[in-house]
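With mmCIF, C-alpha atoms and all ligand atoms inside, this is structure-v8.cif:
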data_my_file
loop_
_atom_site.label_atom_id
_atom_site.label_comp_id
_atom_site.auth_asym_id
_atom_site.auth_seq_id
_atom_site.Cartn_x
_atom_site.Cartn_y
_atom_site.Cartn_z
CA MET Z 1 51.86 -17.30 -165.39
CA THR Z 2 52.71 -21.00 -165.19
CA LYS Z 3 56.43 -21.56 -164.80
CA THR Z 4 58.21 -24.36 -166.66
CA ALA Z 5 60.89 -26.46 -164.96
CA LEU Z 6 63.18 -28.80 -166.86
CA ILE Z 7 64.63 -31.66 -164.79
CA THR Z 8 67.50 -33.85 -165.96
CA GLY Z 9 67.70 -37.13 -164.06
CA ILE Z 10 63.93 -37.12 -163.47
CA THR Z 11 63.86 -40.93 -163.14
CA GLY Z 12 66.16 -40.80 -160.10
CA GLN Z 13 65.29 -40.43 -156.43
CA ASP Z 14 65.52 -36.62 -156.34
CA GLY Z 15 63.82 -36.32 -159.72
CA TYR Z 16 60.77 -38.02 -158.26
CA TYR Z 17 60.51 -35.83 -155.15
CA LEU Z 18 61.34 -32.61 -157.01
CA SER Z 19 58.71 -33.35 -159.69
CA ALA Z 20 56.06 -33.97 -157.05
CA PHE Z 21 57.04 -30.75 -155.24
CA LEU Z 22 57.00 -28.58 -158.38
CA LEU Z 23 53.73 -30.06 -159.69
CA GLU Z 24 52.17 -29.23 -156.34
CA LYS Z 25 53.35 -25.64 -156.81
CA GLY Z 26 51.64 -25.49 -160.21
CA TYR Z 27 54.73 -25.79 -162.43
CA ARG Z 28 54.72 -27.39 -165.85
CA VAL Z 29 57.39 -30.07 -165.39
CA VAL Z 30 59.43 -31.40 -168.30
CA GLY Z 31 61.83 -34.27 -167.61
CA LEU Z 32 64.66 -35.77 -169.61
CA VAL Z 33 64.92 -39.56 -169.74
CA GLN Z 34 67.77 -41.51 -171.25
CA PRO Z 35 67.02 -43.11 -174.65
CA LEU Z 36 67.37 -46.69 -173.41
CA ALA Z 37 65.76 -46.17 -170.03
CA HIS Z 38 62.04 -46.24 -170.70
CA ASP Z 39 61.42 -48.89 -168.08
CA ASP Z 40 62.80 -46.48 -165.49
CA THR Z 41 59.86 -44.16 -166.02
CA GLN Z 42 57.69 -46.73 -164.19
CA PHE Z 43 59.35 -45.38 -161.09
CA LEU Z 44 57.55 -42.10 -161.78
CA ALA Z 45 54.22 -43.89 -162.31
CA PRO Z 46 52.13 -41.85 -159.85
CA LEU Z 47 53.22 -38.66 -161.64
CA THR Z 48 53.66 -39.59 -165.31
CA ASP Z 49 50.25 -38.24 -166.47
CA GLN Z 50 51.28 -34.81 -165.27
CA LEU Z 51 54.83 -34.84 -166.67
CA ASP Z 52 56.16 -34.02 -170.12
CA LEU Z 53 58.96 -36.55 -170.67
CA ARG Z 54 61.53 -36.07 -173.42
CA VAL Z 55 64.16 -38.56 -174.52
CA CYS Z 56 67.63 -37.08 -174.21
CA ASP Z 57 71.05 -38.14 -172.94
CA LEU Z 58 73.37 -35.70 -171.19
CA CYS Z 59 76.11 -36.96 -173.50
CA ASP Z 60 74.22 -35.70 -176.57
CA GLY Z 61 74.73 -31.94 -176.86
CA GLY Z 62 72.76 -31.54 -180.10
CA THR Z 63 69.58 -33.09 -178.69
CA LEU Z 64 69.99 -31.18 -175.42
CA THR Z 65 70.10 -27.92 -177.38
CA ARG Z 66 67.04 -28.84 -179.45
CA VAL Z 67 65.03 -29.86 -176.36
CA LEU Z 68 65.96 -26.65 -174.55
CA ALA Z 69 65.01 -24.55 -177.57
CA ASP Z 70 61.64 -26.29 -177.68
CA VAL Z 71 60.86 -26.27 -173.94
CA ARG Z 72 62.22 -22.75 -173.10
CA PRO Z 73 62.26 -23.51 -169.35
CA ASP Z 74 62.26 -20.86 -166.62
CA GLU Z 75 64.22 -23.16 -164.29
CA ILE Z 76 66.60 -26.03 -165.01
CA TYR Z 77 67.45 -28.61 -162.35
CA ASN Z 78 70.48 -30.62 -163.45
CA LEU Z 79 70.11 -33.83 -161.41
CA GLY Z 80 71.22 -36.30 -164.10
CA ALA Z 81 74.43 -38.13 -163.21
CA GLN Z 82 76.25 -41.40 -162.78
CA SER Z 83 75.74 -40.95 -159.06
CA HIS Z 84 77.34 -44.05 -157.53
CA VAL Z 85 80.71 -43.16 -155.97
CA GLY Z 86 82.03 -46.74 -155.80
CA HIS Z 87 80.99 -47.45 -159.39
CA SER Z 88 82.80 -44.33 -160.61
CA PHE Z 89 86.14 -46.09 -159.95
CA ASP Z 90 85.07 -48.75 -162.50
CA VAL Z 91 83.72 -46.29 -165.10
CA PRO Z 92 85.70 -43.07 -164.63
CA GLU Z 93 85.50 -41.90 -168.23
CA MET Z 94 81.72 -42.36 -168.45
CA THR Z 95 81.35 -40.64 -165.07
CA MET Z 96 83.38 -37.66 -166.29
CA ASN Z 97 81.41 -37.53 -169.53
CA VAL Z 98 77.97 -37.46 -167.86
CA ASN Z 99 78.71 -35.58 -164.64
CA ALA Z 100 81.22 -32.97 -165.82
CA LEU Z 101 80.77 -32.64 -169.58
CA GLY Z 102 77.01 -33.22 -169.33
CA THR Z 103 76.77 -30.11 -167.17
CA LEU Z 104 78.97 -28.15 -169.57
CA ARG Z 105 76.78 -29.22 -172.52
CA LEU Z 106 73.71 -27.85 -170.74
CA LEU Z 107 75.44 -24.58 -169.89
CA GLU Z 108 76.66 -24.18 -173.46
CA ALA Z 109 73.17 -24.89 -174.83
CA ILE Z 110 71.81 -22.10 -172.60
CA ARG Z 111 74.49 -19.74 -173.93
CA ALA Z 112 74.03 -20.74 -177.58
CA LEU Z 113 70.26 -20.23 -177.32
CA LYS Z 114 70.75 -16.79 -175.69
CA MET Z 115 68.77 -17.96 -172.66
CA ILE Z 116 71.27 -16.65 -170.09
CA GLU Z 117 68.99 -13.84 -168.90
CA HIS Z 118 65.82 -15.89 -168.93
CA VAL Z 119 66.67 -19.11 -167.13
CA ARG Z 120 67.74 -20.11 -163.62
CA PHE Z 121 70.01 -23.13 -163.20
CA TYR Z 122 70.40 -25.57 -160.29
CA GLN Z 123 73.42 -27.86 -160.23
CA ALA Z 124 73.39 -31.04 -158.14
CA SER Z 125 76.77 -30.60 -156.49
CA THR Z 126 77.75 -32.84 -153.60
CA SER Z 127 79.43 -33.15 -150.22
CA GLU Z 128 81.75 -35.70 -151.86
CA ILE Z 129 83.79 -32.74 -153.16
CA PHE Z 130 85.08 -32.23 -149.57
CA GLY Z 131 86.69 -35.68 -149.53
CA ASP Z 132 88.85 -36.00 -146.43
CA THR Z 133 88.54 -32.38 -145.31
CA LEU Z 134 87.75 -32.58 -141.61
CA PRO Z 135 84.12 -32.04 -140.56
CA PRO Z 136 82.03 -30.01 -140.22
CA GLN Z 137 82.15 -29.03 -143.89
CA SER Z 138 80.61 -25.77 -145.15
CA GLU Z 139 80.67 -23.66 -148.33
CA THR Z 140 84.10 -22.32 -147.34
CA SER Z 141 85.72 -25.68 -146.56
CA HIS Z 142 88.57 -27.03 -148.65
CA PHE Z 143 87.62 -29.22 -151.63
CA ASN Z 144 89.61 -32.43 -151.73
CA PRO Z 145 87.78 -34.97 -153.95
CA ARG Z 146 88.70 -38.64 -153.58
CA SER Z 147 86.86 -40.42 -156.42
CA PRO Z 148 86.26 -39.98 -160.16
CA TYR Z 149 82.67 -39.14 -159.19
CA ALA Z 150 83.73 -36.32 -156.88
CA ILE Z 151 86.33 -35.00 -159.33
CA ALA Z 152 83.74 -34.87 -162.12
CA LYS Z 153 81.23 -33.16 -159.82
CA LEU Z 154 83.83 -30.62 -158.68
CA SER Z 155 84.60 -29.82 -162.31
CA ALA Z 156 80.88 -29.20 -162.91
CA HIS Z 157 80.72 -27.15 -159.70
CA PHE Z 158 83.46 -24.80 -160.89
CA MET Z 159 81.98 -24.64 -164.39
CA VAL Z 160 78.68 -23.45 -162.89
CA LYS Z 161 80.50 -20.76 -160.87
CA ASN Z 162 82.34 -19.76 -164.04
CA TYR Z 163 79.14 -19.27 -166.07
CA ARG Z 164 77.67 -17.30 -163.19
CA LYS Z 165 80.64 -14.96 -163.02
CA ALA Z 166 81.54 -14.74 -166.71
CA TYR Z 167 78.06 -14.45 -168.24
CA GLY Z 168 75.80 -13.53 -165.34
CA LEU Z 169 73.81 -16.78 -165.47
CA HIS Z 170 71.60 -17.28 -162.41
CA ALA Z 171 73.27 -20.60 -161.56
CA SER Z 172 73.56 -22.14 -158.09
CA ASN Z 173 75.40 -25.17 -156.75
CA GLY Z 174 73.54 -27.14 -154.10
CA ILE Z 175 76.27 -28.88 -152.11
CA LEU Z 176 74.03 -31.62 -150.80
CA PHE Z 177 74.98 -34.14 -148.15
CA ASN Z 178 73.52 -37.65 -148.39
CA HIS Z 179 69.75 -37.81 -148.57
CA GLU Z 180 67.74 -40.98 -148.78
CA SER Z 181 64.18 -42.26 -149.10
CA PRO Z 182 62.22 -45.33 -150.17
CA LYS Z 183 62.99 -44.19 -153.76
CA ARG Z 184 66.75 -44.55 -153.18
CA GLY Z 185 68.62 -46.72 -155.70
CA GLU Z 186 69.39 -50.21 -154.41
CA GLY Z 187 73.17 -49.79 -154.81
CA PHE Z 188 73.36 -47.25 -151.98
CA VAL Z 189 73.99 -48.43 -148.47
CA THR Z 190 70.74 -47.25 -146.85
CA GLN Z 191 68.55 -49.00 -149.42
CA LYS Z 192 70.76 -52.09 -149.44
CA VAL Z 193 70.39 -52.45 -145.67
CA ALA Z 194 66.66 -51.57 -145.67
CA ARG Z 195 65.89 -54.22 -148.29
CA GLY Z 196 68.21 -56.73 -146.62
CA VAL Z 197 66.48 -56.21 -143.27
CA ALA Z 198 63.05 -56.66 -144.90
CA ALA Z 199 64.23 -59.84 -146.67
CA ILE Z 200 65.66 -61.23 -143.39
CA ASP Z 201 62.36 -60.45 -141.66
CA ALA Z 202 60.51 -62.37 -144.39
CA GLY Z 203 62.89 -65.32 -144.11
CA GLN Z 204 64.19 -64.79 -147.65
CA GLN Z 205 67.77 -63.87 -146.71
CA SER Z 206 69.97 -64.54 -143.69
CA ILE Z 207 72.86 -62.06 -143.90
CA ILE Z 208 73.80 -58.65 -145.37
CA SER Z 209 77.38 -58.24 -146.63
CA LEU Z 210 78.77 -54.71 -146.47
CA GLY Z 211 82.02 -52.79 -146.93
CA ASN Z 212 83.31 -50.04 -144.64
CA LEU Z 213 81.20 -50.03 -141.46
CA ASN Z 214 83.13 -47.10 -139.97
CA ALA Z 215 82.20 -44.54 -142.63
CA GLU Z 216 80.06 -41.71 -141.25
CA ARG Z 217 77.48 -39.84 -143.27
CA ASP Z 218 75.15 -36.92 -142.66
CA TRP Z 219 71.93 -38.63 -143.77
CA GLY Z 220 68.74 -36.64 -144.39
CA HIS Z 221 65.51 -37.25 -146.30
CA ALA Z 222 65.24 -36.38 -150.03
CA ARG Z 223 61.81 -34.79 -149.55
CA ASP Z 224 63.39 -32.03 -147.45
CA TYR Z 225 66.34 -31.51 -149.80
CA VAL Z 226 64.33 -30.84 -152.99
CA GLU Z 227 62.67 -27.91 -151.20
CA GLY Z 228 66.14 -26.43 -150.68
CA MET Z 229 66.94 -26.84 -154.40
CA TRP Z 230 63.85 -24.87 -155.33
CA ALA Z 231 64.53 -22.20 -152.68
CA MET Z 232 67.99 -21.54 -154.20
CA LEU Z 233 66.41 -20.63 -157.54
CA GLN Z 234 63.91 -18.25 -155.92
CA GLN Z 235 66.67 -15.95 -154.61
CA ASP Z 236 67.42 -12.64 -156.39
CA LYS Z 237 71.08 -13.61 -156.51
CA ALA Z 238 72.49 -17.03 -157.37
CA ASP Z 239 74.93 -18.58 -154.89
CA ASP Z 240 76.20 -21.92 -153.55
CA TYR Z 241 74.67 -23.58 -150.49
CA VAL Z 242 75.32 -26.61 -148.30
CA LEU Z 243 72.21 -28.65 -147.39
CA ALA Z 244 72.76 -31.03 -144.48
CA THR Z 245 71.25 -32.11 -141.16
CA GLY Z 246 74.34 -31.35 -139.05
CA GLN Z 247 74.38 -34.87 -137.60
CA SER Z 248 76.33 -37.86 -138.80
CA GLN Z 249 75.98 -41.59 -138.14
CA SER Z 250 78.21 -44.53 -138.95
CA VAL Z 251 77.15 -47.33 -141.29
CA ARG Z 252 77.25 -49.56 -138.20
CA ARG Z 253 74.70 -47.33 -136.43
CA LEU Z 254 72.53 -47.27 -139.58
CA CYS Z 255 72.39 -51.08 -139.41
CA GLU Z 256 71.49 -51.06 -135.70
CA GLU Z 257 68.68 -48.57 -136.32
CA MET Z 258 67.23 -50.48 -139.28
CA PHE Z 259 67.33 -53.87 -137.54
CA LYS Z 260 65.43 -52.36 -134.60
CA TYR Z 261 62.35 -52.16 -136.86
CA ILE Z 262 62.22 -55.94 -137.10
CA GLY Z 263 62.86 -56.39 -133.38
CA VAL Z 264 66.52 -57.37 -133.76
CA SER Z 265 69.16 -55.92 -131.46
CA LEU Z 266 72.66 -56.18 -132.98
CA VAL Z 267 75.90 -56.75 -131.09
CA TRP Z 268 79.26 -56.42 -132.81
CA GLN Z 269 82.13 -58.89 -132.66
CA GLY Z 270 85.53 -58.94 -134.38
CA GLN Z 271 87.37 -56.19 -136.23
CA GLY Z 272 88.03 -55.04 -139.78
CA GLU Z 273 87.20 -57.70 -142.36
CA ASN Z 274 86.28 -60.10 -139.54
CA GLU Z 275 83.68 -57.86 -137.93
CA ARG Z 276 80.18 -59.33 -137.60
CA GLY Z 277 76.83 -57.93 -136.53
CA ILE Z 278 75.07 -60.59 -134.48
CA ASP Z 279 71.46 -60.93 -133.35
CA ALA Z 280 71.79 -60.53 -129.58
CA ASN Z 281 68.88 -62.90 -128.96
CA THR Z 282 69.55 -65.75 -131.36
CA GLY Z 283 73.31 -65.49 -131.99
CA GLU Z 284 72.72 -65.52 -135.76
CA VAL Z 285 75.15 -63.48 -137.89
CA ARG Z 286 73.17 -60.78 -139.69
CA ILE Z 287 75.99 -58.51 -141.00
CA ASP Z 288 79.40 -59.45 -142.30
CA VAL Z 289 82.15 -57.57 -144.14
CA ASP Z 290 83.01 -58.36 -147.72
CA PRO Z 291 86.11 -56.52 -149.05
CA GLN Z 292 84.55 -56.40 -152.53
CA PHE Z 293 82.49 -53.48 -151.19
CA PHE Z 294 85.56 -51.50 -150.07
CA ARG Z 295 86.44 -48.55 -152.31
CA PRO Z 296 89.97 -47.86 -153.60
CA LEU Z 297 89.79 -44.58 -151.68
CA GLU Z 298 87.18 -43.78 -149.06
CA VAL Z 299 85.57 -40.63 -147.70
CA GLU Z 300 85.38 -41.41 -143.99
CA ASN Z 301 83.38 -38.62 -142.43
CA LEU Z 302 80.88 -36.19 -143.91
CA LEU Z 303 79.04 -33.83 -141.61
CA GLY Z 304 77.58 -30.63 -142.99
CA ASP Z 305 77.18 -27.13 -141.64
CA ALA Z 306 74.06 -25.75 -143.35
CA ARG Z 307 73.83 -22.45 -141.46
CA LYS Z 308 74.00 -20.38 -144.66
CA ALA Z 309 70.99 -22.21 -146.14
CA ARG Z 310 69.12 -21.74 -142.88
CA ASP Z 311 69.92 -18.01 -142.64
CA VAL Z 312 69.49 -17.05 -146.31
CA LEU Z 313 66.97 -19.58 -147.65
CA GLY Z 314 65.12 -20.28 -144.41
CA TRP Z 315 65.77 -23.97 -145.11
CA HIS Z 316 66.06 -26.61 -142.44
CA PRO Z 317 65.47 -30.36 -142.58
CA LYS Z 318 62.21 -31.52 -140.98
CA ILE Z 319 62.50 -35.32 -141.18
CA SER Z 320 64.75 -37.00 -138.60
CA PHE Z 321 67.23 -39.78 -139.32
CA GLU Z 322 65.07 -42.17 -137.27
CA ASP Z 323 61.90 -41.32 -139.24
CA MET Z 324 63.75 -41.66 -142.57
CA VAL Z 325 65.08 -45.08 -141.53
CA CYS Z 326 61.63 -46.20 -140.37
CA GLU Z 327 60.02 -45.13 -143.67
CA MET Z 328 62.65 -46.99 -145.71
CA VAL Z 329 62.34 -50.24 -143.76
CA GLU Z 330 58.54 -50.12 -143.72
CA GLU Z 331 58.42 -49.52 -147.49
CA ALA Z 332 60.94 -52.34 -148.11
CA LYS Z 333 58.80 -54.66 -145.96
CA SER Z 334 55.61 -53.71 -147.79
CA CYS Z 335 57.27 -54.42 -151.16
CA ILE Z 336 58.02 -57.98 -150.00
CA ALA Z 337 54.59 -58.59 -148.48
P1 LIG L 401 70.00 -41.14 -158.94
O1 LIG L 401 68.80 -41.72 -158.25
O2 LIG L 401 71.16 -42.00 -159.22
O3 LIG L 401 69.48 -40.48 -160.31
C1 LIG L 401 70.37 -40.13 -161.33
C2 LIG L 401 69.56 -39.77 -162.55
O4 LIG L 401 70.47 -39.42 -163.61
C3 LIG L 401 68.70 -40.93 -163.11
O5 LIG L 401 67.48 -40.38 -163.57
C4 LIG L 401 69.53 -41.42 -164.29
O6 LIG L 401 68.76 -42.02 -165.30
C5 LIG L 401 70.08 -40.09 -164.79
N1 LIG L 401 71.21 -40.26 -165.71
C6 LIG L 401 72.30 -41.04 -165.56
N2 LIG L 401 73.08 -40.95 -166.64
C7 LIG L 401 72.48 -40.10 -167.51
C8 LIG L 401 72.79 -39.62 -168.81
N3 LIG L 401 73.89 -40.02 -169.47
N4 LIG L 401 71.93 -38.77 -169.42
C9 LIG L 401 70.79 -38.37 -168.79
N5 LIG L 401 70.44 -38.79 -167.55
C10 LIG L 401 71.28 -39.64 -166.92
O7 LIG L 401 70.53 -39.86 -158.12
P2 LIG L 401 69.79 -39.00 -156.99
O8 LIG L 401 70.06 -39.60 -155.67
O9 LIG L 401 68.40 -38.71 -157.42
O10 LIG L 401 70.66 -37.67 -157.05
C11 LIG L 401 70.35 -36.61 -157.96
C12 LIG L 401 71.61 -35.82 -158.24
O11 LIG L 401 72.12 -35.27 -157.03
C13 LIG L 401 72.75 -36.61 -158.86
O12 LIG L 401 73.42 -35.75 -159.75
C14 LIG L 401 73.64 -36.95 -157.68
O13 LIG L 401 74.97 -37.11 -158.10
C15 LIG L 401 73.46 -35.70 -156.83
N6 LIG L 401 73.59 -35.87 -155.39
C16 LIG L 401 72.87 -36.82 -154.74
C17 LIG L 401 72.95 -36.93 -153.37
C18 LIG L 401 72.17 -37.97 -152.61
O14 LIG L 401 72.51 -38.22 -151.44
N7 LIG L 401 71.13 -38.53 -153.19
C19 LIG L 401 73.80 -36.05 -152.65
C20 LIG L 401 74.51 -35.09 -153.35
C21 LIG L 401 74.39 -34.99 -154.71
P3 LIG L 401 68.41 -43.61 -165.23
O15 LIG L 401 67.32 -43.73 -164.22
O16 LIG L 401 67.97 -43.93 -166.61
O17 LIG L 401 69.69 -44.28 -164.84
N1 LIG L 402 76.98 -48.47 -151.53
C1 LIG L 402 77.51 -49.12 -150.48
N2 LIG L 402 77.38 -50.48 -150.40
N3 LIG L 402 78.18 -48.40 -149.55
C2 LIG L 402 78.69 -49.06 -148.50
C3 LIG L 402 78.57 -50.44 -148.35
C4 LIG L 402 77.89 -51.20 -149.35
O1 LIG L 402 77.76 -52.42 -149.31
N4 LIG L 402 79.19 -50.81 -147.20
C5 LIG L 402 79.66 -49.69 -146.65
N5 LIG L 402 79.38 -48.62 -147.43
C6 LIG L 402 79.79 -47.24 -147.18
C7 LIG L 402 80.48 -46.58 -148.39
O2 LIG L 402 81.84 -47.01 -148.49
C8 LIG L 402 80.32 -45.12 -148.00
O3 LIG L 402 81.32 -44.73 -147.09
C9 LIG L 402 78.96 -45.09 -147.26
O4 LIG L 402 78.64 -46.46 -146.96
C10 LIG L 402 77.83 -44.50 -148.09
O5 LIG L 402 77.85 -45.10 -149.36
P1 LIG L 402 76.67 -44.83 -150.43
O6 LIG L 402 75.35 -45.11 -149.81
O7 LIG L 402 77.04 -45.57 -151.67
O8 LIG L 402 76.72 -43.26 -150.65
P2 LIG L 402 77.95 -42.26 -150.86
O9 LIG L 402 78.10 -41.47 -149.60
O10 LIG L 402 79.14 -42.94 -151.40
O11 LIG L 402 77.40 -41.31 -152.03
C11 LIG L 402 76.07 -40.76 -151.97
O12 LIG L 402 76.09 -39.51 -151.33
C12 LIG L 402 76.86 -38.50 -152.01
C13 LIG L 402 76.77 -37.23 -151.16
O13 LIG L 402 77.66 -37.29 -150.11
C14 LIG L 402 75.56 -40.66 -153.42
O14 LIG L 402 74.21 -40.31 -153.41
C15 LIG L 402 76.33 -39.60 -154.19
O15 LIG L 402 75.73 -39.42 -155.47
C16 LIG L 402 76.28 -38.29 -153.39
O16 LIG L 402 76.98 -37.27 -154.08
#

Here is the file; what I need is its structure written in the form of structure tokens.
Ligand code: NAP
Ligand code: GDD
Amino acid sequence: MTKTALITGITGQDGYYLSAFLLEKGYRVVGLVQPLAHDDTQFLAPLTDQLDLRVCDLCDGGTLTRVLADVRPDEIYNLGAQSHVGHSFDVPEMTMNVNALGTLRLLEAIRALKMIEHVRFYQASTSEIFGDTLPPQSETSHFNPRSPYAIAKLSAHFMVKNYRKAYGLHASNGILFNHESPKRGEGFVTQKVARGVAAIDAGQQSIISLGNLNAERDWGHARDYVEGMWAMLQQDKADDYVLATGQSQSVRRLCEEMFKYIGVSLVWQGQGENERGIDANTGEVRIDVDPQFFRPLEVENLLGDARKARDVLGWHPKISFEDMVCEMVEEAKSCIA
């Protein structure tokens, strides 16, 4: 029997990779797109013929309930979110509404439609909920969120656990560390640097301005992470799992690695707001620090321990940081060419 998956946030990075993965497995894939976001579906262009797209906002509980009643999915992947951490300080109420209440609306729709026993639910939780808890962070680490984004996601995380325990819903939180790809939104640091490097290579830009160069992230590739999402819903028992590579890199090192692909070796001079990344051969400044990209509160170091996912799900990341970086820069260069 063909299974049906419903994906919120299908127009995002993970929505793209998860759709491709599930279509390949023979699923019928239904995706929710925001009412005013039709242009965004171009992003899904290679897949759109095979997808059933429905217009629905996570802030609209009535429409969510009607869509769920119509689609009757076997699996729901709740990826829809205001996902930019820095931006969440500017729009905290909207972030809470989409990320926390949006999840609750979905869970309540499942309950109201008496679908608890028939559906499996994946929640896009995040390593941001660990905040400044010292690495490595695992499922048992202390949650200490440091942004409206992380607070909203932690609320959703606990709501999912609550529906699992109170009503027996097969609902799992995937506590995912950063994962990137050529489909990454341009507001995130990997894509910003990849596109900046490609523009510098093409002579269209001379410098990339960034915020905190010291921050360390455990960066993997989205293609690997969507497989882990699916694996969580195939287990007899729902549970929460960290997905991570177990290696972290600083933003500074990310820049060095990306510039290597256009033959530029960076050296660093200065400190704090005066730090500069300089082309070792030409002396040209390629990176500077602009305080407008600092966050009111920062998460300095995320590094995940994904042993539970490895042992229970058999999941492990296959794509290295270096290969992910190479793919992003090459794709950014080909978009300019
Ligand atoms: P993304 O590219 O920012 O995608 C977010 C998706 O949510 C987009 O499709 C967006 O639609 C949709 N959305 C936003 N507001 C909505 C609303 N009010 N109603 C319905 N849909 C809405 O994020 P991603 O990188 O694919 O991440 C997927 C999920 O995993 C997110 O929940 C994110 O917070 C979480 N997560 C991501 C990472 C990571 O490193 N990528 C790590 C941990 C957790 P538009 O395209 O129309 O804006
Ligand atoms: N975006 C951005 N832009 N970040 C910068 C910049 C810049 O110019 N300069 C330095 N950074 C630093 C940020 O301060 C942060 O410490 C780090 O680079 C990564 O920032 P992002 O790429 O915006 O990602 P994030 O780690 O804040 O959040 C992503 O990962 C989370 C999982 O840990 C998002 O995908 C979240 O949705 C996800 O939950």

message: For ligand LIG 402 (chain L), return the neighbouring residues as a PyMOL selection string (distance at most 6 Å; only C-alpha atoms and all ligand atoms).
response: chain Z and resi 83-85+126-128+177-178+187-190+210-213+215+251+293+299

Write the residues of the selection above to a file with C-alpha atoms, as a short mmCIF file (atom, residue, chain, number, x, y, z; two decimals), in the coordinates of the input.
data_model
loop_
_atom_site.label_atom_id
_atom_site.label_comp_id
_atom_site.auth_asym_id
_atom_site.auth_seq_id
_atom_site.Cartn_x
_atom_site.Cartn_y
_atom_site.Cartn_z
CA SER Z 83 75.74 -40.95 -159.06
CA HIS Z 84 77.34 -44.05 -157.53
CA VAL Z 85 80.71 -43.16 -155.97
CA THR Z 126 77.75 -32.84 -153.60
CA SER Z 127 79.43 -33.15 -150.22
CA GLU Z 128 81.75 -35.70 -151.86
CA PHE Z 177 74.98 -34.14 -148.15
CA ASN Z 178 73.52 -37.65 -148.39
CA GLY Z 187 73.17 -49.79 -154.81
CA PHE Z 188 73.36 -47.25 -151.98
CA VAL Z 189 73.99 -48.43 -148.47
CA THR Z 190 70.74 -47.25 -146.85
CA LEU Z 210 78.77 -54.71 -146.47
CA GLY Z 211 82.02 -52.79 -146.93
CA ASN Z 212 83.31 -50.04 -144.64
CA LEU Z 213 81.20 -50.03 -141.46
CA ALA Z 215 82.20 -44.54 -142.63
CA VAL Z 251 77.15 -47.33 -141.29
CA PHE Z 293 82.49 -53.48 -151.19
CA VAL Z 299 85.57 -40.63 -147.70
#

query: Using all atoms listed in the file, which protein or nucleic acid residues are at most 8 Å from ligand LIG 401 (chain L), as JSON, numbers by chain?
result: {"Z": [8, 9, 10, 11, 12, 13, 14, 15, 16, 32, 33, 34, 36, 37, 38, 40, 41, 56, 57, 58, 59, 78, 79, 80, 81, 82, 83, 84, 97, 98, 99, 102, 123, 124, 125, 126, 127, 128, 153, 174, 175, 176, 177, 178, 179, 180, 183, 184, 185, 219, 222]}

With C-alpha atoms retained, could you export that selection as a compact mmCIF listing (two decimals), in the frame of the given file?
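This is the output file again_6.txt:
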# COMPACT_ATOMS: atom_id res chain seq x y z
CA THR Z 8 67.50 -33.85 -165.96
CA GLY Z 9 67.70 -37.13 -164.06
CA ILE Z 10 63.93 -37.12 -163.47
CA THR Z 11 63.86 -40.93 -163.14
CA GLY Z 12 66.16 -40.80 -160.10
CA GLN Z 13 65.29 -40.43 -156.43
CA ASP Z 14 65.52 -36.62 -156.34
CA GLY Z 15 63.82 -36.32 -159.72
CA TYR Z 16 60.77 -38.02 -158.26
CA LEU Z 32 64.66 -35.77 -169.61
CA VAL Z 33 64.92 -39.56 -169.74
CA GLN Z 34 67.77 -41.51 -171.25
CA LEU Z 36 67.37 -46.69 -173.41
CA ALA Z 37 65.76 -46.17 -170.03
CA HIS Z 38 62.04 -46.24 -170.70
CA ASP Z 40 62.80 -46.48 -165.49
CA THR Z 41 59.86 -44.16 -166.02
CA CYS Z 56 67.63 -37.08 -174.21
CA ASP Z 57 71.05 -38.14 -172.94
CA LEU Z 58 73.37 -35.70 -171.19
CA CYS Z 59 76.11 -36.96 -173.50
CA ASN Z 78 70.48 -30.62 -163.45
CA LEU Z 79 70.11 -33.83 -161.41
CA GLY Z 80 71.22 -36.30 -164.10
CA ALA Z 81 74.43 -38.13 -163.21
CA GLN Z 82 76.25 -41.40 -162.78
CA SER Z 83 75.74 -40.95 -159.06
CA HIS Z 84 77.34 -44.05 -157.53
CA ASN Z 97 81.41 -37.53 -169.53
CA VAL Z 98 77.97 -37.46 -167.86
CA ASN Z 99 78.71 -35.58 -164.64
CA GLY Z 102 77.01 -33.22 -169.33
CA GLN Z 123 73.42 -27.86 -160.23
CA ALA Z 124 73.39 -31.04 -158.14
CA SER Z 125 76.77 -30.60 -156.49
CA THR Z 126 77.75 -32.84 -153.60
CA SER Z 127 79.43 -33.15 -150.22
CA GLU Z 128 81.75 -35.70 -151.86
CA LYS Z 153 81.23 -33.16 -159.82
CA GLY Z 174 73.54 -27.14 -154.10
CA ILE Z 175 76.27 -28.88 -152.11
CA LEU Z 176 74.03 -31.62 -150.80
CA PHE Z 177 74.98 -34.14 -148.15
CA ASN Z 178 73.52 -37.65 -148.39
CA HIS Z 179 69.75 -37.81 -148.57
CA GLU Z 180 67.74 -40.98 -148.78
CA LYS Z 183 62.99 -44.19 -153.76
CA ARG Z 184 66.75 -44.55 -153.18
CA GLY Z 185 68.62 -46.72 -155.70
CA TRP Z 219 71.93 -38.63 -143.77
CA ALA Z 222 65.24 -36.38 -150.03

Find the smallest box with edges along x, y and z containing every listed atom of region 142-161 of chain Z, then add 5 Å on each side and report centre and edge lengths in Å to one decimal, as lines of an AutoDock Vina configuration file.
center_x = 84.1
center_y = -30.6
center_z = -156.5
size_x = 20.9
size_y = 29.7
size_z = 25.7

Distance query Tyr122 (chain Z) at most 9 Å, all atoms listed in the file, self and fewer than 5 positions along chain excluded, as a list in words: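 These residues fall inside the cut-off: Glu75, Ile76, Tyr77, Asn78, Leu79, Val160, His170, Ala171, Ser172, Asn173, Gly174, Met229, Trp230, Met232 and Leu233 of chain Z.
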